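Participant: Here you go, start_36.csv (CSV, C-alpha atoms):
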```csv
chain,number,residue,atom,x,y,z
A,1,MET,CA,2.0,-0.3,42.1
A,2,LYS,CA,2.3,2.7,40.0
A,3,GLU,CA,-0.5,4.1,38.0
A,4,GLN,CA,-0.4,3.0,34.4
A,5,TRP,CA,-0.9,5.4,31.5
A,6,ARG,CA,-0.8,4.5,27.8
A,7,TYR,CA,2.3,5.1,25.7
A,8,LEU,CA,1.9,5.6,21.9
A,9,ILE,CA,4.4,6.1,19.2
A,10,THR,CA,2.9,7.0,15.8
A,11,ASN,CA,5.5,8.0,13.3
A,12,ASP,CA,5.4,9.7,9.9
A,13,PHE,CA,1.8,10.7,9.7
A,14,SER,CA,0.5,13.7,7.7
A,15,ALA,CA,-0.2,17.0,9.5
A,16,ALA,CA,-3.9,16.5,9.3
A,17,LYS,CA,-3.7,12.9,10.6
A,18,ASN,CA,-1.4,13.9,13.5
A,19,MET,CA,-3.8,16.6,14.7
A,20,ALA,CA,-6.8,14.3,14.1
A,21,ILE,CA,-5.2,11.6,16.3
A,22,ASP,CA,-4.6,14.1,19.2
A,23,ARG,CA,-8.2,15.2,19.0
A,24,ALA,CA,-9.5,11.6,18.8
A,25,VAL,CA,-7.6,10.6,21.9
A,26,LEU,CA,-8.9,13.7,23.7
A,27,VAL,CA,-12.5,12.6,22.9
A,28,ALA,CA,-11.9,8.9,23.7
A,29,ASN,CA,-10.3,9.9,27.0
A,30,SER,CA,-13.1,12.3,27.9
A,31,GLU,CA,-15.6,9.5,27.5
A,32,GLY,CA,-13.5,7.2,29.8
A,33,LYS,CA,-12.7,4.8,27.0
A,34,VAL,CA,-8.9,5.1,27.1
A,35,PRO,CA,-6.5,5.9,30.0
A,36,PRO,CA,-4.4,9.0,30.2
A,37,THR,CA,-2.1,8.9,27.2
A,38,VAL,CA,1.4,10.1,26.3
A,39,ARG,CA,2.1,10.1,22.6
A,40,PHE,CA,5.3,10.8,20.7
A,41,TYR,CA,5.2,11.4,17.0
A,42,THR,CA,6.9,12.8,13.9
A,43,TRP,CA,5.6,14.5,10.7
A,44,SER,CA,5.9,13.3,7.2
A,45,PRO,CA,6.0,15.2,5.0
A,46,PRO,CA,7.3,18.2,7.0
A,47,ALA,CA,4.6,20.6,8.0
A,48,ILE,CA,3.7,23.9,9.5
A,49,SER,CA,1.1,24.0,12.2
A,50,ILE,CA,-0.5,27.3,13.2
A,51,GLY,CA,-2.3,28.2,16.4
A,52,TYR,CA,-6.0,28.2,16.5
A,53,PHE,CA,-6.2,32.0,16.5
A,54,GLN,CA,-3.7,32.7,13.8
A,55,SER,CA,-4.5,33.8,10.2
A,56,LEU,CA,-3.3,31.0,7.8
A,57,SER,CA,-2.7,33.3,4.9
A,58,GLU,CA,-0.9,35.9,7.1
A,59,GLU,CA,1.4,33.4,8.7
A,60,VAL,CA,2.1,30.9,6.0
A,61,ASP,CA,3.3,31.3,2.4
A,62,LEU,CA,0.9,28.7,0.9
A,63,GLU,CA,2.5,28.8,-2.6
A,64,LYS,CA,5.9,28.1,-1.2
A,65,CYS,CA,4.5,25.2,0.9
A,66,LYS,CA,3.1,23.7,-2.2
A,67,LYS,CA,6.3,24.1,-4.2
A,68,LEU,CA,8.4,22.5,-1.4
A,69,GLY,CA,5.9,19.8,-0.5
A,70,ILE,CA,5.3,21.2,3.0
A,71,GLU,CA,1.9,20.6,4.5
A,72,TYR,CA,0.0,23.0,6.8
A,73,VAL,CA,-2.7,22.6,9.4
A,74,ARG,CA,-4.6,24.7,11.9
A,75,ARG,CA,-4.3,23.3,15.4
A,76,ILE,CA,-7.1,23.2,18.0
A,77,THR,CA,-4.7,24.7,20.5
A,78,GLY,CA,-3.6,28.4,20.6
A,79,GLY,CA,0.0,29.6,20.3
A,80,GLY,CA,2.2,30.3,17.3
A,81,ALA,CA,3.2,28.8,14.0
A,82,VAL,CA,5.6,25.9,14.2
A,83,PHE,CA,7.7,24.3,11.5
A,84,HIS,CA,7.8,20.5,12.1
A,85,GLU,CA,10.6,18.7,10.5
A,86,GLU,CA,13.4,17.4,12.6
A,87,GLU,CA,11.7,17.1,15.9
A,88,LEU,CA,10.0,14.9,18.4
A,89,THR,CA,6.5,16.0,19.0
A,90,TYR,CA,4.7,14.9,22.2
A,91,SER,CA,1.1,15.0,23.3
A,92,ILE,CA,-0.4,14.3,26.7
A,93,ILE,CA,-4.1,13.7,27.1
A,94,ILE,CA,-5.5,13.4,30.6
A,95,PRO,CA,-8.7,14.3,32.6
A,96,GLU,CA,-8.7,17.8,34.0
A,97,SER,CA,-9.7,16.2,37.3
A,98,HIS,CA,-6.6,14.0,37.5
A,99,SER,CA,-4.7,14.7,40.8
A,100,GLU,CA,-1.5,15.2,38.9
A,101,ILE,CA,-2.8,18.0,36.8
A,102,PRO,CA,-3.0,21.5,38.4
A,103,LYS,CA,-6.4,23.2,38.0
A,104,ASN,CA,-4.7,26.4,37.1
A,105,ILE,CA,-3.8,26.5,33.4
A,106,MET,CA,-0.4,28.2,33.8
A,107,ASP,CA,0.5,25.8,36.6
A,108,SER,CA,-0.4,22.9,34.5
A,109,TYR,CA,1.8,24.2,31.6
A,110,ALA,CA,4.7,24.3,34.1
A,111,ARG,CA,4.0,20.8,35.4
A,112,ILE,CA,3.8,19.2,31.9
A,113,CYS,CA,6.8,21.1,30.7
A,114,GLY,CA,8.5,19.6,33.8
A,115,ALA,CA,8.2,16.2,32.2
A,116,VAL,CA,9.8,17.4,29.0
A,117,MET,CA,12.6,19.0,31.0
A,118,LYS,CA,13.2,15.7,32.9
A,119,GLY,CA,13.3,14.0,29.5
A,120,LEU,CA,15.9,16.5,28.3
A,121,LYS,CA,17.9,15.9,31.5
A,122,ASN,CA,18.0,12.2,30.6
A,123,LEU,CA,19.8,13.3,27.4
A,124,GLU,CA,22.1,15.4,29.6
A,125,ILE,CA,20.6,18.6,28.5
A,126,ASP,CA,19.8,21.2,31.2
A,127,SER,CA,16.8,23.3,30.6
A,128,SER,CA,14.4,25.7,32.2
A,129,TYR,CA,10.7,26.6,31.8
A,130,ALA,CA,10.1,30.0,30.3
A,131,PRO,CA,6.4,31.0,30.8
A,132,ILE,CA,4.1,31.2,29.0
A,133,ASN,CA,4.9,28.1,26.9
A,134,ASP,CA,8.6,27.7,26.1
A,135,ILE,CA,11.4,25.6,27.4
A,136,LEU,CA,14.9,27.0,27.1
A,137,SER,CA,18.4,25.5,27.2
A,138,GLY,CA,21.4,27.8,27.5
A,139,GLY,CA,18.9,30.6,27.1
A,140,LYS,CA,17.7,29.4,23.7
A,141,LYS,CA,14.3,27.8,22.9
A,142,ILE,CA,14.4,24.0,22.5
A,143,SER,CA,10.7,23.3,23.0
A,144,GLY,CA,7.4,25.1,22.4
A,145,ASN,CA,4.1,23.9,24.0
A,146,ALA,CA,0.4,24.5,23.6
A,147,GLN,CA,-2.6,23.4,25.7
A,148,THR,CA,-6.3,23.2,25.2
A,149,ARG,CA,-9.0,22.0,27.6
A,150,LYS,CA,-12.1,20.6,26.1
A,151,MET,CA,-14.8,18.2,27.5
A,152,LYS,CA,-13.1,18.4,30.9
A,153,THR,CA,-9.9,17.0,29.4
A,154,VAL,CA,-6.5,18.5,29.0
A,155,LEU,CA,-4.5,18.1,25.7
A,156,GLN,CA,-1.1,19.6,25.7
A,157,HIS,CA,1.2,19.0,22.7
A,158,GLY,CA,4.6,20.4,22.1
A,159,THR,CA,7.9,20.0,20.3
A,160,VAL,CA,11.4,19.0,21.2
A,161,LEU,CA,13.7,20.4,18.5
A,162,MET,CA,16.1,17.7,17.3
A,163,ASP,CA,17.6,19.9,14.6
A,164,VAL,CA,16.6,23.1,13.0
A,165,ASP,CA,16.9,24.7,9.6
A,166,VAL,CA,15.9,28.3,10.2
A,167,GLU,CA,16.3,29.3,6.5
A,168,LYS,CA,13.9,26.6,5.4
A,169,MET,CA,11.5,27.5,8.2
A,170,PHE,CA,11.5,31.2,7.1
A,171,SER,CA,11.0,30.2,3.4
A,172,VAL,CA,7.5,29.1,4.3
A,173,LEU,CA,6.6,31.4,7.1
A,174,ARG,CA,5.4,34.9,6.2
A,175,VAL,CA,7.0,37.8,8.0
A,176,PRO,CA,5.3,41.2,8.4
A,177,ASN,CA,8.1,43.0,6.7
A,178,GLU,CA,10.2,41.4,3.9
A,179,LYS,CA,12.9,44.0,4.4
A,180,ILE,CA,13.8,42.8,7.8
A,181,LYS,CA,13.5,39.1,7.0
A,182,ASP,CA,17.3,38.6,7.1
A,183,LYS,CA,17.5,40.2,10.5
A,184,MET,CA,14.6,38.0,11.7
A,185,ILE,CA,16.4,34.9,10.5
A,186,SER,CA,19.6,35.8,12.3
A,187,ASP,CA,17.5,36.7,15.4
A,188,VAL,CA,15.8,33.4,15.4
A,189,LYS,CA,19.1,31.6,14.9
A,190,GLN,CA,20.3,33.3,18.1
A,191,ARG,CA,17.1,32.4,20.0
A,192,VAL,CA,16.6,28.8,19.0
A,193,THR,CA,18.6,25.7,19.6
A,194,SER,CA,18.3,21.9,19.2
A,195,VAL,CA,19.3,18.6,20.7
A,196,LYS,CA,21.8,18.1,17.9
A,197,HIS,CA,23.4,21.5,18.5
A,198,LEU,CA,23.5,21.0,22.2
A,199,LEU,CA,25.0,17.5,22.1
A,200,ASP,CA,27.2,18.2,19.1
A,201,HIS,CA,25.8,15.1,17.3
A,202,SER,CA,22.4,13.9,16.3
A,203,ILE,CA,20.6,11.2,18.1
A,204,SER,CA,17.9,8.8,16.9
A,205,PHE,CA,14.2,9.4,17.4
A,206,GLU,CA,14.1,6.2,19.4
A,207,LYS,CA,16.7,7.4,21.8
A,208,ALA,CA,15.0,10.7,22.3
A,209,ALA,CA,11.6,9.1,22.8
A,210,ASP,CA,13.1,6.8,25.4
A,211,ALA,CA,14.6,9.6,27.3
A,212,MET,CA,11.3,11.6,27.1
A,213,LYS,CA,9.2,8.6,28.1
A,214,LYS,CA,11.3,8.3,31.3
A,215,GLY,CA,10.9,12.0,31.9
A,216,PHE,CA,7.1,11.7,31.9
A,217,GLU,CA,7.3,8.6,34.1
A,218,GLU,CA,9.5,10.5,36.6
A,219,GLU,CA,7.5,13.7,36.6
A,220,PHE,CA,4.2,12.0,37.2
A,221,ASP,CA,5.4,9.0,39.1
A,222,ILE,CA,3.6,6.6,36.7
A,223,GLU,CA,4.4,3.8,34.3
A,224,LEU,CA,3.9,4.3,30.6
A,225,VAL,CA,2.7,1.1,29.0
A,226,SER,CA,3.1,0.7,25.2
A,227,GLY,CA,-0.3,0.5,23.5
A,228,GLU,CA,-2.1,1.2,20.3
A,229,LEU,CA,-4.9,3.5,19.1
A,230,THR,CA,-8.2,1.7,19.6
A,231,ASP,CA,-10.6,1.1,16.7
A,232,TYR,CA,-12.8,3.8,18.1
A,233,GLU,CA,-9.9,6.3,18.1
A,234,LEU,CA,-8.9,5.4,14.6
A,235,GLU,CA,-12.5,5.9,13.4
A,236,LEU,CA,-12.7,9.3,15.2
A,237,ALA,CA,-9.3,10.3,13.7
A,238,ASN,CA,-10.5,9.5,10.2
A,239,LYS,CA,-13.6,11.5,10.8
A,240,PHE,CA,-11.7,14.5,12.2
A,241,GLU,CA,-9.1,14.4,9.5
A,242,LYS,CA,-11.8,14.5,6.8
A,243,GLU,CA,-14.1,17.0,8.4
A,244,CYS,CA,-11.6,19.2,10.1
A,245,PHE,CA,-7.8,19.1,9.7
A,246,ALA,CA,-7.7,18.2,6.0
A,247,ASN,CA,-10.6,20.5,5.3
A,248,SER,CA,-9.7,23.9,3.8
A,249,GLU,CA,-12.7,25.6,5.5
A,250,TRP,CA,-11.1,24.7,8.9
A,251,ASN,CA,-7.6,25.6,7.9
A,252,HIS,CA,-8.6,28.9,6.3
A,253,LYS,CA,-11.2,29.9,8.9
A,254,ARG,CA,-9.1,32.7,10.3
B,1,MET,CA,-12.5,51.8,6.5
B,2,ASN,CA,-10.2,48.8,6.8
B,3,SER,CA,-7.2,48.8,9.0
B,4,LYS,CA,-4.8,46.5,10.8
B,5,SER,CA,-2.7,46.6,13.8
B,6,ILE,CA,0.1,44.5,15.2
B,7,TYR,CA,0.6,44.9,18.9
B,8,LYS,CA,3.0,43.1,21.2
B,9,ILE,CA,1.3,42.7,24.5
B,10,PRO,CA,3.7,43.7,27.3
B,11,ASN,CA,4.9,40.3,28.8
B,12,GLY,CA,2.5,38.6,26.4
B,13,LYS,CA,1.9,37.5,22.8
B,14,LEU,CA,1.7,39.2,19.5
B,15,LEU,CA,-1.8,40.4,18.8
B,16,LYS,CA,-2.9,41.1,15.2
B,17,ILE,CA,-6.2,42.8,14.7
B,18,SER,CA,-8.0,43.4,11.4
B,19,LEU,CA,-10.7,46.0,11.8
B,20,GLU,CA,-13.4,47.3,9.5
B,21,TYR,CA,-15.0,50.4,11.0
B,22,ASP,CA,-17.5,53.1,10.3
B,23,GLU,CA,-15.6,56.4,10.2
B,24,ASN,CA,-18.6,58.7,10.7
B,25,LYS,CA,-20.0,56.8,13.6
B,26,ASN,CA,-16.6,55.7,14.9
B,27,THR,CA,-18.0,52.2,15.5
B,28,VAL,CA,-16.8,48.6,14.8
B,29,SER,CA,-18.3,47.1,11.7
B,30,ASN,CA,-16.3,43.9,11.7
B,31,VAL,CA,-13.3,42.7,13.6
B,32,LYS,CA,-10.9,39.7,13.3
B,33,ILE,CA,-8.7,39.0,16.3
B,34,THR,CA,-5.7,36.9,15.5
B,35,GLY,CA,-2.3,36.1,17.0
B,36,ASP,CA,-0.3,33.5,18.9
B,37,PHE,CA,-2.1,33.9,22.2
B,38,PHE,CA,-4.2,31.4,24.1
B,39,ALA,CA,-7.9,31.6,25.1
B,40,TYR,CA,-10.1,29.1,26.9
B,41,PRO,CA,-12.5,28.0,25.5
B,42,GLU,CA,-11.0,28.8,22.1
B,43,GLU,CA,-14.4,29.3,20.4
B,44,SER,CA,-15.1,32.3,22.6
B,45,ILE,CA,-12.9,34.4,20.3
B,46,GLU,CA,-15.7,34.3,17.8
B,47,THR,CA,-18.2,35.4,20.4
B,48,LEU,CA,-15.9,38.2,21.3
B,49,GLU,CA,-15.6,39.3,17.7
B,50,ASP,CA,-19.4,39.2,17.2
B,51,GLU,CA,-20.2,41.1,20.4
B,52,LEU,CA,-17.8,43.9,19.5
B,53,LYS,CA,-19.8,44.8,16.4
B,54,ASN,CA,-21.3,48.3,16.5
B,55,MET,CA,-19.3,49.2,19.6
B,56,GLN,CA,-17.9,52.7,19.9
B,57,LEU,CA,-14.2,52.8,19.3
B,58,LYS,CA,-13.5,54.5,22.6
B,59,LYS,CA,-11.1,53.2,25.2
B,60,GLU,CA,-13.5,53.1,28.2
B,61,VAL,CA,-16.4,51.7,26.1
B,62,LEU,CA,-14.3,48.9,24.6
B,63,LEU,CA,-12.6,48.0,27.9
B,64,LYS,CA,-15.9,47.8,29.7
B,65,LYS,CA,-17.5,45.7,27.0
B,66,ILE,CA,-14.5,43.3,26.6
B,67,ASN,CA,-14.4,42.8,30.4
B,68,SER,CA,-18.1,42.1,30.5
B,69,ILE,CA,-17.8,39.5,27.6
B,70,ILE,CA,-14.9,37.8,29.4
B,71,LYS,CA,-17.0,37.6,32.5
B,72,THR,CA,-20.2,36.4,30.9
B,73,ASN,CA,-18.5,33.8,28.8
B,74,ASN,CA,-16.1,32.7,31.5
B,75,ILE,CA,-13.1,33.2,29.2
B,76,THR,CA,-9.5,32.7,30.3
B,77,PHE,CA,-7.0,34.6,28.2
B,78,ILE,CA,-3.3,33.8,28.4
B,79,GLY,CA,-0.8,36.1,26.7
B,80,VAL,CA,-3.4,38.8,26.0
B,81,ASN,CA,-6.0,40.6,28.2
B,82,ALA,CA,-8.8,43.2,28.0
B,83,GLU,CA,-6.4,46.1,28.1
B,84,GLY,CA,-4.2,44.6,25.3
B,85,LEU,CA,-7.3,43.9,23.1
B,86,THR,CA,-8.5,47.5,23.6
B,87,GLU,CA,-5.1,48.9,22.7
B,88,GLY,CA,-4.9,46.7,19.7
B,89,LEU,CA,-8.3,47.9,18.5
B,90,LEU,CA,-7.5,51.5,19.0
B,91,ARG,CA,-4.1,51.2,17.2
B,92,CYS,CA,-6.1,50.3,14.1
B,93,LEU,CA,-7.3,54.0,14.1
B,94,GLN,CA,-3.8,55.5,14.1
```
Can you give me the file's structure in the form of structure tokens?

Facilitator:
Amino acid sequence: MKEQWRYLITNDFSAAKNMAIDRAVLVANSEGKVPPTVRFYTWSPPAISIGYFQSLSEEVDLEKCKKLGIEYVRRITGGGAVFHEEELTYSIIIPESHSEIPKNIMDSYARICGAVMKGLKNLEIDSSYAPINDILSGGKKISGNAQTRKMKTVLQHGTVLMDVDVEKMFSVLRVPNEKIKDKMISDVKQRVTSVKHLLDHSISFEKAADAMKKGFEEEFDIELVSGELTDYELELANKFEKECFANSEWNHKR
Amino acid sequence: MNSKSIYKIPNGKLLKISLEYDENKNTVSNVKITGDFFAYPEESIETLEDELKNMQLKKEVLLKKINSIIKTNNITFIGVNAEGLTEGLLRCLQ
């Protein structure tokens, strides 16, 4: 019998709640209270997440966010700023000691990205892993990924772009030089793609999640079993949301 | 003096350093290391920033110090390295 991992779908949470849930599952898994978990989710309202090491005020136009109703949050993972709107976001939480997870960090990025690529393949999209943390299709970025390891547990989360509005994205991201903003926008349009663009039509979140779920099952030779967050995880998530991700001290700390 | 640098690490990430330094002594007063790189454990970036205080802004000194902080704190950097951090710091002086 195949090893069973937990499968979670949590749609339309706020940025702070989404990041709090990933951290709560990380803690619960590190304490042996929940099995390895694969979670798919969306963001509502749309949000920008920034990497742990980024400066919030340098990366994000906070006034513009407020005006447009776009949230922002600092992640516990490194990496860059991401505009989350039309996308499927995944997270995987699993003990560092699990036999399916390479000890080497770069190798484990490649392995987990392999699951995302198999998921894309199930949508008839060919893709390739582009180290450090991107997945490309037709030479353009379709997925960005970020991993942390805490309490002997791996958390990797990442995006699968379903559709992309580069103008909107740049309306809230700050660029070092306003004069070259138009050039940057056209560069990013050249470098980024989406499921909708590649298939020539949009597909539902459910369909994308189903393809991705199978991708994770194939890559890790496991069965994903639908589950729910435990009461303990919900309690932790509330705590992390309040104390950390919805807290301006955390979001502005760099 | 306050100064900033933006440095794209060769084959790596975009490093943005904000440096406050003593011009007479040529030493670090305060430094903030930001960017889209990865470091494990993440909190070690604050240790690195603290330990760089009062260091001479000289290539060999910085490189040696950063390498020693990486070793002592068992830091794994991805997308940035000791050479890149040193270069980013020194570019703040230009």

Participant: Would you mind reading off the distance between CA of Leu136 (chain A) and CA of Val172 (chain A), one decimal, in Å?

Facilitator: 24.1 Å

Participant: Please report as a PyMOL selection string which residues of chain A come no farther than 9 Å from chain B, using only C-alpha atoms.

Facilitator: chain A and resi 50-55+76-81+105-106+132+146-150+254

Participant: Would you pick out the contacts of Met1 (chain B) at 8 Å or less, using all atoms listed in the file, so that residues sharing its chain but fewer than 3 positions from it are not included, and give the list as a PyMOL selection string?

Facilitator: chain B and resi 20-23

Participant: Quick one: everything within 12 Å of Glu228 (chain A), counting all atoms listed in the file, minus sequence neighbours fewer than 3 positions away in the same chain. Send it as a list in words.

Facilitator: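 In the requested format, the answer is Arg6, Tyr7, Leu8, Ile9, Thr10, Ile21, Val25, Val34, Pro35, Thr37, Val38, Arg39, Val225, Asp231, Tyr232, Glu233 and Leu234 of chain A.
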
Participant: Could you tell me which of A:Lys196, A:His201, A:Lys152, A:Arg191 comes closest to Val166 (chain A) if we count all atoms listed in the file?

Facilitator: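 Closest residue, counting all atoms listed in the file: A:Arg191.
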
Participant: What is the distance between CA of Glu85 (chain A) and CA of Glu241 (chain A), in Å to one decimal?

Facilitator: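 About the pair CA of Glu85 (chain A) and CA of Glu241 (chain A): they are 20.2 Å apart.
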
Participant: Compare A:Asn104, A:Ser97, A:Ser127, A:Asn18 by their minimum atom-to-atom distance to Ser30 (chain A), counting only C-alpha atoms, and give me the closest one.

Facilitator: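 Smallest distance to Ser30 (chain A) is found for A:Ser97.
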
Participant: What does the distance from CA of Gln156 (chain A) to CA of Pro131 (chain A) come to in Å, to one decimal?

Facilitator: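 The value is 14.6 Å.
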
Participant: For Gln94 (chain B), which residue among B:Ile70, B:Leu63, B:Leu57, B:Ser44 is the nearest when counting only C-alpha atoms?

Facilitator: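 So, comparing all the options, the nearest one is B:Leu57.
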
Participant: Using all atoms listed in the file, which residue out of A:Gln190, A:Thr153, A:Asn177, A:Asn247 lies closest to Asp22 (chain A)?

Facilitator: A:Thr153

Participant: Hey, which of B:Asn81, B:Ser29, B:Asn24, B:Thr86 ends up closest to Val61 (chain B)? Count only C-alpha atoms.

Facilitator: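 With only C-alpha atoms as the atom set, the closest residue is B:Thr86.
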
Participant: Select, counting all atoms listed in the file, all protein, DNA and RNA residues no farther than 7 Å from (-4.2, 16.5, 9.5) in file coordinates, and express the selection as number ranges by chain.

Facilitator: A: 14-20, 73, 241, 245-246

Participant: Considering all atoms listed in the file, return as a PyMOL selection string whatever protein or nucleic-acid residues lie within 10 Å of Lys64 (chain A), sequence-local ones (same chain, fewer than 5 positions apart) excluded.

Facilitator: chain A and resi 69-70+171-173

Participant: Set the distance at 7 Å and use only C-alpha atoms: which residues neighbour Gln56 (chain B) once local chain neighbours fewer than 3 positions away are removed? I'd like the list as a PyMOL selection string.

Facilitator: chain B and resi 26-28+61

Participant: May I have the residues within 10 Å of Ala82 (chain B) as a PDB file with C-alpha atoms, in the frame of the given file, using all atoms listed in the file and disregarding those fewer than 6 positions away in the same chain?

Facilitator:
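Okay, this is what ended up in around_14.pdb:
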```
ATOM      1  CA  LEU B  62     -14.300  48.900  24.600  1.00  0.00           C
ATOM      2  CA  LEU B  63     -12.600  48.000  27.900  1.00  0.00           C
ATOM      3  CA  LYS B  64     -15.900  47.800  29.700  1.00  0.00           C
ATOM      4  CA  LYS B  65     -17.500  45.700  27.000  1.00  0.00           C
ATOM      5  CA  ILE B  66     -14.500  43.300  26.600  1.00  0.00           C
ATOM      6  CA  ASN B  67     -14.400  42.800  30.400  1.00  0.00           C
ATOM      7  CA  SER B  68     -18.100  42.100  30.500  1.00  0.00           C
ATOM      8  CA  ILE B  69     -17.800  39.500  27.600  1.00  0.00           C
ATOM      9  CA  ILE B  70     -14.900  37.800  29.400  1.00  0.00           C
ATOM     10  CA  GLY B  88      -4.900  46.700  19.700  1.00  0.00           C
TER      11      GLY B  88
END
```
